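Okay, query.txt now, which holds compact mmCIF, C-alpha atoms and all ligand atoms:
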```txt
# COMPACT_ATOMS: atom_id res chain seq x y z
CA MET P 874 94.99 234.04 54.40
CA ILE P 875 95.34 236.59 57.26
CA ARG P 876 95.62 240.16 56.08
CA THR P 877 96.44 243.32 57.85
CA PRO P 878 94.39 246.47 57.19
CA GLY P 879 95.67 248.38 54.19
CA GLN P 880 97.34 245.39 52.53
CA PRO P 881 96.51 245.33 48.81
CA THR P 882 94.46 242.36 47.62
CA PHE P 883 94.00 240.62 44.30
CA TYR P 884 91.64 238.06 42.84
CA LEU P 885 92.98 235.85 40.04
CA ARG P 886 90.73 233.95 37.62
CA GLN P 887 92.78 231.31 35.82
CA LEU P 888 91.77 230.08 32.38
CA GLY P 889 93.39 227.97 29.69
CA CYS P 890 96.06 225.32 29.46
CA PRO P 891 98.62 224.31 32.13
CA LYS P 892 101.24 226.57 30.49
CA ASN P 893 98.98 229.59 30.91
CA VAL P 894 98.13 228.53 34.46
CA VAL P 895 101.86 228.41 35.26
CA ASP P 896 102.18 232.02 34.07
CA GLY P 897 99.18 232.93 36.25
CA GLU P 898 100.66 231.29 39.32
CA ASN P 899 103.94 233.03 38.71
CA MET P 900 102.07 236.35 38.55
CA ALA P 901 100.40 235.52 41.85
CA GLU P 902 103.76 234.68 43.40
CA ILE P 903 105.26 237.98 42.25
CA LEU P 904 102.33 239.86 43.77
CA ARG P 905 102.57 237.92 47.04
CA GLN P 906 106.25 238.81 47.23
CA ARG P 907 105.23 242.45 46.78
CA GLY P 908 102.91 242.19 49.80
CA TYR P 909 99.62 241.57 48.00
CA VAL P 910 97.17 239.09 49.50
CA GLU P 911 95.21 236.74 47.23
CA VAL P 912 91.49 236.46 47.97
CA ASP P 913 88.88 234.00 46.68
CA ASP P 914 86.03 236.47 46.51
CA PRO P 915 86.29 239.14 43.79
CA LYS P 916 84.26 241.53 45.94
CA GLN P 917 87.07 241.63 48.50
CA ALA P 918 89.82 242.39 45.99
CA ASP P 919 91.34 245.72 45.02
CA THR P 920 92.61 244.21 41.78
CA LEU P 921 90.83 241.68 39.58
CA ILE P 922 93.00 239.70 37.16
CA VAL P 923 91.71 237.39 34.46
CA ASN P 924 94.47 235.23 32.99
CA THR P 925 92.83 234.77 29.60
CA CYS P 926 93.17 232.03 27.01
CA GLY P 927 92.94 232.61 23.27
CA PHE P 928 93.68 229.14 21.98
CA ILE P 929 90.28 228.25 20.51
CA LYS P 930 86.98 230.05 20.07
CA ALA P 931 85.36 228.45 23.12
CA ALA P 932 88.29 229.58 25.29
CA GLU P 933 88.04 233.12 23.87
CA GLU P 934 84.35 233.19 24.75
CA GLU P 935 85.01 231.96 28.27
CA SER P 936 87.69 234.62 28.76
CA LEU P 937 85.46 237.39 27.42
CA GLN P 938 82.61 236.23 29.64
CA ALA P 939 84.82 236.22 32.75
CA LEU P 940 86.06 239.73 31.96
CA ARG P 941 82.57 241.05 31.22
CA THR P 942 81.15 239.66 34.45
CA LEU P 943 83.91 241.17 36.56
CA GLY P 944 83.88 244.42 34.54
CA THR P 945 80.12 244.84 35.05
CA ASP P 946 80.13 244.01 38.76
CA LYS P 947 83.26 245.86 39.84
CA ARG P 948 83.28 248.85 42.15
CA LYS P 949 84.77 252.14 40.99
CA SER P 950 87.85 251.64 43.12
CA GLN P 951 88.54 248.16 41.78
CA LYS P 952 90.93 247.66 38.85
CA LEU P 953 90.41 244.97 36.22
CA ILE P 954 93.39 243.50 34.38
CA ALA P 955 93.21 241.27 31.31
CA ALA P 956 96.36 239.15 31.21
CA GLY P 957 97.42 236.08 29.21
CA CYS P 958 97.02 234.84 25.66
CA LEU P 959 93.88 236.69 24.57
CA ALA P 960 95.29 239.98 25.88
CA GLN P 961 98.46 239.27 23.90
CA ARG P 962 96.51 238.51 20.77
CA TRP P 963 93.80 241.12 20.80
CA GLY P 964 95.60 243.97 22.52
CA ASP P 965 93.51 247.14 22.58
CA ARG P 966 90.70 245.33 20.76
CA LEU P 967 90.12 243.40 23.97
CA GLY P 968 90.00 246.61 25.97
CA ALA P 969 87.40 247.96 23.53
CA ALA P 970 85.35 244.75 23.62
CA VAL P 971 85.09 244.71 27.41
CA PRO P 972 84.21 247.95 29.18
CA GLY P 973 85.96 248.35 32.50
CA VAL P 974 89.34 246.83 31.62
CA ASP P 975 92.02 249.03 33.24
CA GLY P 976 95.14 247.32 31.91
CA LEU P 977 96.30 244.66 29.45
CA LEU P 978 99.27 242.39 30.05
CA GLY P 979 100.18 240.00 27.25
CA ALA P 980 101.24 236.40 27.77
CA MET P 981 104.88 237.29 27.08
CA ARG P 982 104.96 240.01 29.73
CA TRP P 983 103.46 238.28 32.80
CA SER P 984 106.62 238.86 34.85
CA GLU P 985 105.80 242.59 34.82
CA ILE P 986 102.45 242.24 36.60
CA ASP P 987 103.60 244.22 39.65
CA ARG P 988 104.92 247.10 37.53
CA LEU P 989 101.72 247.08 35.49
CA LEU P 990 99.63 247.38 38.66
CA ASP P 991 101.82 250.27 39.77
CA ALA P 992 101.12 251.95 36.44
CA VAL P 993 97.37 251.33 36.70
CA ARG P 994 97.28 252.74 40.23
CA SER P 995 99.04 255.88 39.03
CA GLY P 996 96.24 256.50 36.55
CA ILE P 997 97.75 255.04 33.37
CA ARG P 998 95.81 252.52 31.29
CA PRO P 999 98.68 250.33 30.05
CA THR P 1000 98.66 247.87 27.16
CA TRP P 1001 101.83 245.87 27.57
CA ILE P 1002 101.85 243.15 25.00
CA GLY P 1003 105.11 243.61 23.12
CA PRO P 1004 107.59 240.75 22.97
CA GLU P 1005 110.57 242.49 24.55
CA GLU P 1006 110.54 240.58 27.84
CA ILE P 1007 111.47 236.92 27.78
CA ALA P 1008 109.09 235.80 30.48
CA LEU P 1009 110.83 232.70 31.73
CA ALA P 1010 111.56 233.45 35.39
CA PRO P 1011 110.80 232.56 38.31
CA PRO P 1012 109.23 229.15 39.17
CA ARG P 1013 108.11 228.83 42.78
CA VAL P 1014 104.83 227.34 41.72
CA ALA P 1015 103.53 224.56 43.88
CA ARG P 1016 100.15 222.86 43.66
CA GLY P 1017 99.86 220.23 46.36
CA PRO P 1018 102.66 217.74 45.87
CA SER P 1019 103.07 218.62 42.17
CA ALA P 1020 104.44 221.69 40.43
CA TYR P 1021 104.74 222.82 36.87
CA LEU P 1022 108.10 224.14 35.75
CA LYS P 1023 108.25 225.92 32.41
CA ILE P 1024 111.35 224.96 30.42
CA ALA P 1025 110.73 227.02 27.29
CA ASP P 1026 108.18 229.31 25.75
CA GLY P 1027 107.01 230.08 22.25
CA CYS P 1028 107.11 227.82 19.20
CA ASP P 1029 108.97 227.71 15.86
CA HIS P 1030 106.59 225.31 14.15
CA THR P 1031 104.01 226.48 11.66
CA CYS P 1032 100.99 224.26 12.23
CA ALA P 1033 98.28 225.68 10.00
CA PHE P 1034 95.59 225.79 12.69
CA CYS P 1035 97.61 227.21 15.56
CA ALA P 1036 97.88 230.80 16.73
CA ILE P 1037 100.37 230.06 19.52
CA PRO P 1038 103.45 231.22 17.55
CA LEU P 1039 101.60 234.49 16.80
CA ILE P 1040 100.77 234.88 20.49
CA LYS P 1041 103.95 233.60 22.11
CA GLY P 1042 106.60 234.28 19.49
CA LYS P 1043 109.69 232.20 18.74
CA HIS P 1044 110.81 229.24 20.84
CA ARG P 1045 113.02 230.36 23.74
CA SER P 1046 114.52 227.87 26.16
CA LYS P 1047 115.31 228.47 29.80
CA PRO P 1048 118.98 227.75 30.59
CA ILE P 1049 119.62 224.35 32.21
CA GLU P 1050 121.21 225.96 35.27
CA MET P 1051 118.04 227.96 35.87
CA ILE P 1052 115.84 224.88 35.50
CA VAL P 1053 118.00 222.98 38.00
CA ARG P 1054 117.90 225.89 40.43
CA GLU P 1055 114.14 226.25 40.17
CA ALA P 1056 113.64 222.50 40.55
CA ARG P 1057 115.71 222.57 43.75
CA GLN P 1058 113.58 225.42 45.09
CA LEU P 1059 110.45 223.43 44.40
CA VAL P 1060 111.84 220.33 46.10
CA ALA P 1061 112.78 222.44 49.12
CA ARG P 1062 109.11 223.42 49.31
CA GLY P 1063 108.07 219.78 49.51
CA VAL P 1064 107.21 219.20 45.85
CA ARG P 1065 107.30 215.49 44.91
CA GLU P 1066 106.50 215.73 41.22
CA ILE P 1067 107.91 218.28 38.80
CA VAL P 1068 106.01 218.61 35.54
CA LEU P 1069 108.17 220.15 32.82
CA VAL P 1070 106.07 222.14 30.36
CA SER P 1071 106.48 224.16 27.19
CA GLN P 1072 104.80 224.32 23.80
CA ASP P 1073 107.52 222.14 22.29
CA SER P 1074 109.52 220.30 24.94
CA SER P 1075 111.39 218.05 22.50
CA GLY P 1076 112.70 221.26 20.90
CA TYR P 1077 114.28 222.26 24.20
CA GLY P 1078 117.71 223.86 23.77
CA LYS P 1079 117.70 224.17 19.97
CA ASP P 1080 117.93 227.95 20.36
CA PHE P 1081 121.19 227.34 22.29
CA GLY P 1082 122.46 225.13 19.48
CA LEU P 1083 121.96 221.97 21.56
CA ARG P 1084 121.26 218.70 19.77
CA ASP P 1085 119.08 216.41 21.85
CA GLY P 1086 118.71 219.28 24.29
CA LEU P 1087 115.78 217.74 26.18
CA ALA P 1088 117.72 214.51 26.79
CA THR P 1089 120.77 216.52 27.91
CA MET P 1090 118.68 218.63 30.24
CA LEU P 1091 116.89 215.60 31.70
CA ASP P 1092 120.21 213.87 32.40
CA ARG P 1093 121.39 216.95 34.31
CA LEU P 1094 118.12 217.39 36.16
CA VAL P 1095 118.02 213.78 37.33
CA GLU P 1096 121.62 213.95 38.47
CA GLU P 1097 121.54 217.36 40.14
CA VAL P 1098 118.09 217.21 41.74
CA PRO P 1099 118.15 213.76 43.36
CA ASP P 1100 115.28 214.33 45.80
CA VAL P 1101 112.34 214.56 43.44
CA PRO P 1102 110.78 211.15 42.90
CA TRP P 1103 108.76 212.00 39.78
CA ILE P 1104 109.78 214.14 36.79
CA ARG P 1105 107.12 214.34 34.09
CA VAL P 1106 107.55 215.81 30.62
CA MET P 1107 104.60 217.36 28.81
CA TYR P 1108 104.15 218.10 25.10
CA VAL P 1109 106.72 216.54 22.84
CA TYR P 1110 106.54 217.11 19.10
CA PRO P 1111 106.28 213.93 17.02
CA GLY P 1112 108.73 215.17 14.36
CA THR P 1113 111.63 215.60 16.78
CA ILE P 1114 111.62 212.39 18.83
CA THR P 1115 115.16 211.01 18.70
CA ASP P 1116 116.43 207.59 19.80
CA ARG P 1117 118.47 209.31 22.47
CA LEU P 1118 115.37 210.97 23.91
CA VAL P 1119 113.49 207.66 24.07
CA GLU P 1120 116.53 205.98 25.64
CA THR P 1121 116.82 208.77 28.23
CA PHE P 1122 113.15 208.37 29.22
CA ALA P 1123 113.69 204.63 29.57
CA ARG P 1124 116.98 204.83 31.49
CA HIS P 1125 115.93 207.03 34.40
CA PRO P 1126 113.48 205.46 36.85
CA ARG P 1127 112.53 208.90 38.16
CA ILE P 1128 111.39 210.13 34.75
CA VAL P 1129 107.74 209.18 34.77
CA LYS P 1130 106.87 206.71 32.02
CA TYR P 1131 104.29 208.96 30.46
CA VAL P 1132 104.43 210.90 27.26
CA ASP P 1133 102.07 213.59 26.00
CA MET P 1134 102.60 213.89 22.26
CA PRO P 1135 99.90 215.89 20.46
CA LEU P 1136 99.47 214.18 17.06
CA GLN P 1137 96.45 216.20 15.82
CA HIS P 1138 95.57 213.67 13.09
CA ALA P 1139 96.63 210.32 11.73
CA ASP P 1140 95.85 210.66 8.03
CA ARG P 1141 98.84 211.66 5.88
CA ASP P 1142 96.94 214.11 3.68
CA ALA P 1143 95.22 215.75 6.66
CA LEU P 1144 98.60 216.05 8.40
CA ALA P 1145 100.10 217.64 5.27
CA ARG P 1146 97.32 220.24 5.14
CA MET P 1147 97.87 220.90 8.83
CA ARG P 1148 101.61 221.44 8.14
CA ARG P 1149 102.43 218.71 10.62
CA PRO P 1150 105.13 216.00 10.45
CA ARG P 1151 103.97 213.33 8.00
CA GLN P 1152 105.77 210.37 9.51
CA ASP P 1153 103.63 207.44 10.57
CA PRO P 1154 102.31 208.26 14.07
CA LEU P 1155 102.15 204.53 14.84
CA ASP P 1156 105.89 204.32 14.27
CA VAL P 1157 106.63 207.01 16.89
CA ILE P 1158 104.33 205.28 19.38
CA ARG P 1159 105.97 201.92 18.69
CA ARG P 1160 109.43 203.34 19.45
CA PHE P 1161 108.32 204.51 22.89
CA ARG P 1162 106.52 201.26 23.65
CA GLU P 1163 109.40 199.06 22.56
CA ALA P 1164 111.70 200.88 24.99
CA MET P 1165 109.08 201.12 27.78
CA PRO P 1166 106.27 198.57 27.46
CA ASP P 1167 104.34 200.15 30.36
CA ILE P 1168 104.51 203.71 29.11
CA ALA P 1169 101.24 205.67 29.27
CA MET P 1170 100.70 207.62 26.08
CA ARG P 1171 98.54 210.68 25.78
CA SER P 1172 97.70 212.65 22.65
CA THR P 1173 95.31 215.24 21.27
CA PHE P 1174 93.52 215.35 17.92
CA ILE P 1175 91.50 217.78 15.87
CA VAL P 1176 88.37 216.72 14.02
CA GLY P 1177 86.79 218.75 11.22
CA PHE P 1178 89.98 220.41 10.01
CA PRO P 1179 89.35 222.12 6.61
CA GLY P 1180 89.07 219.55 3.85
CA GLU P 1181 88.79 216.56 6.21
CA THR P 1182 86.92 213.92 4.21
CA GLU P 1183 84.87 211.03 5.58
CA GLU P 1184 87.71 208.73 4.45
CA GLU P 1185 90.32 210.75 6.35
CA PHE P 1186 88.13 210.79 9.43
CA GLY P 1187 87.58 207.05 9.04
CA ARG P 1188 91.36 206.55 9.00
CA LEU P 1189 91.61 208.57 12.22
CA LEU P 1190 89.05 206.27 13.89
CA ALA P 1191 90.93 203.21 12.63
CA PHE P 1192 94.14 204.70 14.01
CA PHE P 1193 92.53 205.06 17.44
CA GLY P 1194 91.80 201.34 17.36
CA GLU P 1195 95.34 200.44 16.35
CA ALA P 1196 97.22 202.89 18.55
CA GLN P 1197 95.35 202.07 21.77
CA LEU P 1198 96.45 205.32 23.36
CA ASP P 1199 95.90 205.57 27.10
CA ARG P 1200 94.64 209.14 27.22
CA VAL P 1201 93.24 211.22 24.37
CA GLY P 1202 91.80 214.71 24.03
CA VAL P 1203 89.74 215.65 20.98
CA PHE P 1204 88.94 219.17 19.78
CA GLN P 1205 86.60 220.33 17.08
CA TYR P 1206 88.53 222.54 14.67
CA SER P 1207 87.86 226.25 15.13
CA PRO P 1208 89.36 228.88 12.82
CA GLU P 1209 91.80 231.21 14.56
CA ASP P 1210 92.48 234.71 13.26
CA GLY P 1211 95.81 235.04 11.49
CA THR P 1212 96.30 231.33 10.85
CA LEU P 1213 96.66 229.65 7.49
CA ALA P 1214 93.82 227.22 8.11
CA ALA P 1215 91.33 229.99 8.82
CA LYS P 1216 91.67 231.10 5.18
CA MET P 1217 91.45 227.59 3.71
CA ASP P 1218 88.56 226.56 1.47
CA GLN P 1219 86.51 223.54 2.36
CA GLN P 1220 85.72 224.51 5.93
CA VAL P 1221 83.78 221.66 7.54
CA SER P 1222 80.29 222.47 8.79
CA THR P 1223 79.56 222.68 12.50
CA ARG P 1224 77.08 219.80 12.20
CA VAL P 1225 79.70 217.50 10.66
CA LYS P 1226 82.33 218.56 13.19
CA GLU P 1227 79.98 217.77 16.06
CA ARG P 1228 79.04 214.41 14.59
CA ARG P 1229 82.69 213.46 14.09
CA TYR P 1230 83.54 214.65 17.58
CA ARG P 1231 80.84 212.44 19.11
CA ARG P 1232 81.94 209.42 17.08
CA ALA P 1233 85.57 209.97 18.03
CA MET P 1234 84.67 210.28 21.71
CA GLU P 1235 82.54 207.12 21.64
CA THR P 1236 85.39 205.18 20.08
CA LEU P 1237 87.91 206.59 22.51
CA GLN P 1238 85.81 206.04 25.60
CA ALA P 1239 85.49 202.36 24.81
CA ILE P 1240 89.29 202.18 24.45
CA SER P 1241 89.83 204.14 27.65
CA ILE P 1242 87.56 201.79 29.64
CA GLU P 1243 89.46 198.81 28.26
CA ARG P 1244 92.89 200.34 28.96
CA ASN P 1245 91.85 201.25 32.49
CA ALA P 1246 90.42 197.77 33.10
CA GLN P 1247 93.84 196.35 32.21
CA GLN P 1248 95.17 198.04 35.36
CA ILE P 1249 92.97 195.92 37.68
CA GLY P 1250 95.15 193.63 39.76
CA ARG P 1251 98.31 195.68 39.20
CA THR P 1252 100.06 197.37 42.11
CA LEU P 1253 101.00 200.91 41.15
CA ASP P 1254 102.72 203.69 43.04
CA VAL P 1255 100.22 206.45 43.84
CA LEU P 1256 101.22 210.00 44.71
CA VAL P 1257 98.63 210.98 47.33
CA GLU P 1258 97.22 214.42 46.55
CA GLY P 1259 94.54 214.96 49.16
CA VAL P 1260 91.93 213.53 51.51
CA VAL P 1261 88.36 212.76 50.42
CA GLU P 1262 85.78 214.91 52.23
CA ASN P 1263 83.21 212.30 53.29
CA PRO P 1264 85.15 209.07 53.68
CA SER P 1265 82.33 207.26 55.54
CA GLU P 1266 79.86 207.98 52.70
CA THR P 1267 82.16 207.37 49.78
CA GLY P 1268 84.29 204.57 51.20
CA PHE P 1269 87.44 206.39 50.05
CA ALA P 1270 89.99 208.05 52.32
CA VAL P 1271 92.38 209.74 49.87
CA VAL P 1272 92.79 210.53 46.21
CA GLY P 1273 95.98 210.51 44.17
CA ARG P 1274 97.52 209.70 40.82
CA THR P 1275 99.70 207.04 39.28
CA TYR P 1276 102.41 207.70 36.71
CA ARG P 1277 99.69 207.22 34.08
CA ASP P 1278 97.94 210.48 34.98
CA ALA P 1279 99.15 214.06 34.70
CA PRO P 1280 97.89 216.50 37.36
CA GLU P 1281 94.58 218.20 36.52
CA ILE P 1282 94.53 216.63 33.07
CA ASP P 1283 94.01 212.89 33.40
CA GLY P 1284 92.25 210.58 35.83
CA MET P 1285 92.66 209.88 39.54
CA VAL P 1286 92.92 206.92 41.86
CA PHE P 1287 90.54 206.75 44.82
CA VAL P 1288 92.14 204.84 47.68
CA ARG P 1289 90.23 203.24 50.56
CA GLN P 1290 92.91 203.64 53.25
CA HIS P 1291 94.43 206.84 54.54
CA SER P 1292 97.96 207.95 53.64
CA GLU P 1293 99.53 211.34 54.14
CA PRO P 1294 99.18 213.71 51.17
CA GLY P 1295 102.55 214.02 49.46
CA THR P 1296 103.55 210.41 50.11
CA ILE P 1297 103.91 207.81 47.39
CA VAL P 1298 102.28 204.51 48.34
CA PRO P 1299 101.82 201.19 46.54
CA VAL P 1300 98.14 200.69 45.68
CA ARG P 1301 96.55 197.53 44.34
CA ILE P 1302 93.98 198.50 41.72
CA THR P 1303 90.63 196.82 42.34
CA GLU P 1304 88.17 198.67 40.09
CA ALA P 1305 88.29 200.73 36.90
CA MET P 1306 85.93 203.36 35.61
CA ALA P 1307 86.15 205.18 32.27
CA TYR P 1308 88.88 207.54 33.47
CA ASP P 1309 89.45 206.91 37.19
CA LEU P 1310 90.62 203.91 39.21
CA VAL P 1311 89.88 202.55 42.68
CA GLY P 1312 92.39 200.72 44.86
CA GLU P 1313 93.64 199.61 48.24
CA VAL P 1314 97.00 200.28 49.82
CA ALA P 1315 99.07 197.18 49.23
CA ALA P 1316 100.84 195.55 52.14
CA ALA P 1317 104.49 196.57 52.24
S1 LIG D 1401 103.80 222.69 17.61
FE1 LIG D 1401 102.17 223.43 16.28
S2 LIG D 1401 100.31 223.18 17.56
FE2 LIG D 1401 102.07 223.13 18.96
S3 LIG D 1401 102.31 225.27 19.63
FE3 LIG D 1401 103.70 224.94 17.87
S4 LIG D 1401 102.52 225.66 16.11
FE4 LIG D 1401 101.06 225.31 17.78
```
Do you think you could lay out the structure here as structure tokens?
Amino acid sequence: MIRTPGQPTFYLRQLGCPKNVVDGENMAEILRQRGYVEVDDPKQADTLIVNTCGFIKAAEEESLQALRTLGTDKRKSQKLIAAGCLAQRWGDRLGAAVPGVDGLLGAMRWSEIDRLLDAVRSGIRPTWIGPEEIALAPPRVARGPSAYLKIADGCDHTCAFCAIPLIKGKHRSKPIEMIVREARQLVARGVREIVLVSQDSSGYGKDFGLRDGLATMLDRLVEEVPDVPWIRVMYVYPGTITDRLVETFARHPRIVKYVDMPLQHADRDALARMRRPRQDPLDVIRRFREAMPDIAMRSTFIVGFPGETEEEFGRLLAFFGEAQLDRVGVFQYSPEDGTLAAKMDQQVSTRVKERRYRRAMETLQAISIERNAQQIGRTLDVLVEGVVENPSETGFAVVGRTYRDAPEIDGMVFVRQHSEPGTIVPVRITEAMAYDLVGEVAAA
């Protein structure tokens, strides 16, 4: 980036989930529009921003570490801002825990980053974490050929382990017209894949009184934004999957046949303690697969939730075998302040959690290898994301993704022949690794 002398600069350290990263990129966009220049080296920045994550203990630690490092190394003239989920959750406690923090901007207030920096520069040490701003504007977030577009924020569910509703507040949907407008802006910038994100995408529109709001919104988006080849939906809630939603996914070729549905557990008693929907997870999966036999299904699970017995864990492993999910993330339970589960008896020891985590991962890796191997010989459309640096050494020219992989979350496809980044090309899959695939451009 070329900068002129005197232009303000910022360095942004992004942490956490894609939803948090979207907020961070929106902050960066606001600052760019205000004339700030983003730099990669914190030493060159006037303002240092850490977009923190407070979802689980490990993420808290990583956020604190990033803040402490920048806070210790910063020059007197540099300002350090803690933004995002941990700032929202801890407020002034975060400022006290990390010397050198000059301002706090909660996850619900990211759209005020420019005003907060103005306040900091005028000598105030602001803590802006209240919920009064509904931070749902603007999109303009592009990452290569893919972009995340937030459709809602917050969550009305009461999962016993989760602090998100405490951090983000009630579910608030972005109006359909605004989503359509933002999608068009992204397409005009060359985006080929729009990834719709929120904490609870299948709850989209319920705050407007819409029934089947996500299906309604998807119908409109497909119709009114005809130039985007891939629309991907992240994070649907298993308790609110309707037949109409499944039918809408199946009907539109441009809605990517991929669903990310965090299930958290498969045992009925464990799900009840977690305050999660108790319907049979296999039944929800079956409904998607009956309508779309090729659909790629991703989910996440927690091991070591309070009271999880060996039998419950065994049923989770058995479920993995039956469900044959394509992509799975596993987390060890960690107690979060303010949540119901943190106060529950029968906390599971760290040793047991780690053992169960390893067993779950071993089981899942074997399934993942098998699922990936099933792709060999298929010809799949690949969205080319970038060129490989040393093609003569690696034998690969470009890297991309099929519909089966969400950006920055799932695997990749390494392709031997060159294609322009941003194009979608048919690739015949020739090799499969645990998470990634290898292929050759198929003759047209
Ligand atoms: S659905 Fe449950 S796990 Fe997901 S954000 Fe809401 S409360 Fe948290």
Exercise for the section: Might you pull out every residue within 10 Å of segment 1280-1291 of chain P, with all atoms listed in the file counted and same-chain residues fewer than 2 positions away left off, and present them as a ChimeraX atom specification? Expected result: /P:890-891,1016-1021,1066,1068,1171,1199-1202,1245,1255-1261,1264,1267-1278,1293-1294,1300-1315
Can you spit out the residues from that selection as an mmCIF file, keeping the file's coordinate frame, using C-alpha atoms?
```
data_model
loop_
_atom_site.group_PDB
_atom_site.id
_atom_site.type_symbol
_atom_site.label_atom_id
_atom_site.label_comp_id
_atom_site.auth_asym_id
_atom_site.auth_seq_id
_atom_site.Cartn_x
_atom_site.Cartn_y
_atom_site.Cartn_z
ATOM 1 C CA CYS P 890 96.060 225.320 29.460
ATOM 2 C CA PRO P 891 98.620 224.310 32.130
ATOM 3 C CA ARG P 1016 100.150 222.860 43.660
ATOM 4 C CA GLY P 1017 99.860 220.230 46.360
ATOM 5 C CA PRO P 1018 102.660 217.740 45.870
ATOM 6 C CA SER P 1019 103.070 218.620 42.170
ATOM 7 C CA ALA P 1020 104.440 221.690 40.430
ATOM 8 C CA TYR P 1021 104.740 222.820 36.870
ATOM 9 C CA GLU P 1066 106.500 215.730 41.220
ATOM 10 C CA VAL P 1068 106.010 218.610 35.540
ATOM 11 C CA ARG P 1171 98.540 210.680 25.780
ATOM 12 C CA ASP P 1199 95.900 205.570 27.100
ATOM 13 C CA ARG P 1200 94.640 209.140 27.220
ATOM 14 C CA VAL P 1201 93.240 211.220 24.370
ATOM 15 C CA GLY P 1202 91.800 214.710 24.030
ATOM 16 C CA ASN P 1245 91.850 201.250 32.490
ATOM 17 C CA VAL P 1255 100.220 206.450 43.840
ATOM 18 C CA LEU P 1256 101.220 210.000 44.710
ATOM 19 C CA VAL P 1257 98.630 210.980 47.330
ATOM 20 C CA GLU P 1258 97.220 214.420 46.550
ATOM 21 C CA GLY P 1259 94.540 214.960 49.160
ATOM 22 C CA VAL P 1260 91.930 213.530 51.510
ATOM 23 C CA VAL P 1261 88.360 212.760 50.420
ATOM 24 C CA PRO P 1264 85.150 209.070 53.680
ATOM 25 C CA THR P 1267 82.160 207.370 49.780
ATOM 26 C CA GLY P 1268 84.290 204.570 51.200
ATOM 27 C CA PHE P 1269 87.440 206.390 50.050
ATOM 28 C CA ALA P 1270 89.990 208.050 52.320
ATOM 29 C CA VAL P 1271 92.380 209.740 49.870
ATOM 30 C CA VAL P 1272 92.790 210.530 46.210
ATOM 31 C CA GLY P 1273 95.980 210.510 44.170
ATOM 32 C CA ARG P 1274 97.520 209.700 40.820
ATOM 33 C CA THR P 1275 99.700 207.040 39.280
ATOM 34 C CA TYR P 1276 102.410 207.700 36.710
ATOM 35 C CA ARG P 1277 99.690 207.220 34.080
ATOM 36 C CA ASP P 1278 97.940 210.480 34.980
ATOM 37 C CA GLU P 1293 99.530 211.340 54.140
ATOM 38 C CA PRO P 1294 99.180 213.710 51.170
ATOM 39 C CA VAL P 1300 98.140 200.690 45.680
ATOM 40 C CA ARG P 1301 96.550 197.530 44.340
ATOM 41 C CA ILE P 1302 93.980 198.500 41.720
ATOM 42 C CA THR P 1303 90.630 196.820 42.340
ATOM 43 C CA GLU P 1304 88.170 198.670 40.090
ATOM 44 C CA ALA P 1305 88.290 200.730 36.900
ATOM 45 C CA MET P 1306 85.930 203.360 35.610
ATOM 46 C CA ALA P 1307 86.150 205.180 32.270
ATOM 47 C CA TYR P 1308 88.880 207.540 33.470
ATOM 48 C CA ASP P 1309 89.450 206.910 37.190
ATOM 49 C CA LEU P 1310 90.620 203.910 39.210
ATOM 50 C CA VAL P 1311 89.880 202.550 42.680
ATOM 51 C CA GLY P 1312 92.390 200.720 44.860
ATOM 52 C CA GLU P 1313 93.640 199.610 48.240
ATOM 53 C CA VAL P 1314 97.000 200.280 49.820
ATOM 54 C CA ALA P 1315 99.070 197.180 49.230
#
```
Problem - Distance query Ala1164 of chain P at most 8 Å, only C-alpha atoms, self and fewer than 5 positions along chain excluded, as a ChimeraX atom specification - result: /P:1119-1120,1123
Writer output for current selection, C-alpha atoms, as an mmCIF file, in the frame of the given file:
```cif
data_model
loop_
_atom_site.group_PDB
_atom_site.id
_atom_site.type_symbol
_atom_site.label_atom_id
_atom_site.label_comp_id
_atom_site.auth_asym_id
_atom_site.auth_seq_id
_atom_site.Cartn_x
_atom_site.Cartn_y
_atom_site.Cartn_z
ATOM 1 C CA VAL P 1119 113.490 207.660 24.070
ATOM 2 C CA GLU P 1120 116.530 205.980 25.640
ATOM 3 C CA ALA P 1123 113.690 204.630 29.570
#
```
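Residue neighbourhood of Lys947 of chain P, excluding near-sequence residues (fewer than 4 positions): P:Tyr884, P:Asp914, P:Pro915, P:Lys916, P:Gln917, P:Ala918, P:Asp919, P:Thr920, P:Leu921, P:Ile922, P:Leu940, P:Arg941, P:Thr942, P:Leu943, P:Gln951, P:Lys952, P:Leu953, P:Ile954, P:Pro972, P:Gly973, P:Val974, P:Asp975, at 12 Å, using only C-alpha atoms.
Of the listed residues (P:Arg1228, P:Lys1041, P:Arg982, P:Arg998), P:Lys1041 comes nearest to ligand LIG 1401 (chain D); the distances count only C-alpha atoms and all ligand atoms.
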Exercise for the section: Could you pull out every residue with an atom within 9 Å of (87.3, 221.7, 13.5), file coordinates, counting all atoms listed in the file, and send them as a list of chain:residue names? Expected result: P:Ile1175, P:Val1176, P:Gly1177, P:Phe1178, P:Pro1179, P:Phe1204, P:Gln1205, P:Tyr1206, P:Ser1207, P:Pro1208, P:Gln1220, P:Val1221, P:Ser1222, P:Thr1223, P:Lys1226, P:Glu1227, P:Tyr1230
Practice task
Give the residues close to ligand LIG 1401 (chain D), within 9 Å, counting only C-alpha atoms and all ligand atoms; write them as a ChimeraX atom specification.
Solution key: /P:1027-1039,1041,1044,1071-1073,1108-1110,1135,1137,1147-1149
Handout entry: Leu1198 of chain P surroundings by all atoms listed in the file, 9 Å radius, close-in-sequence under 4 positions cut, as a PyMOL selection string
Key = chain P and resi 1158+1169-1172+1193-1194+1237+1240-1241+1244
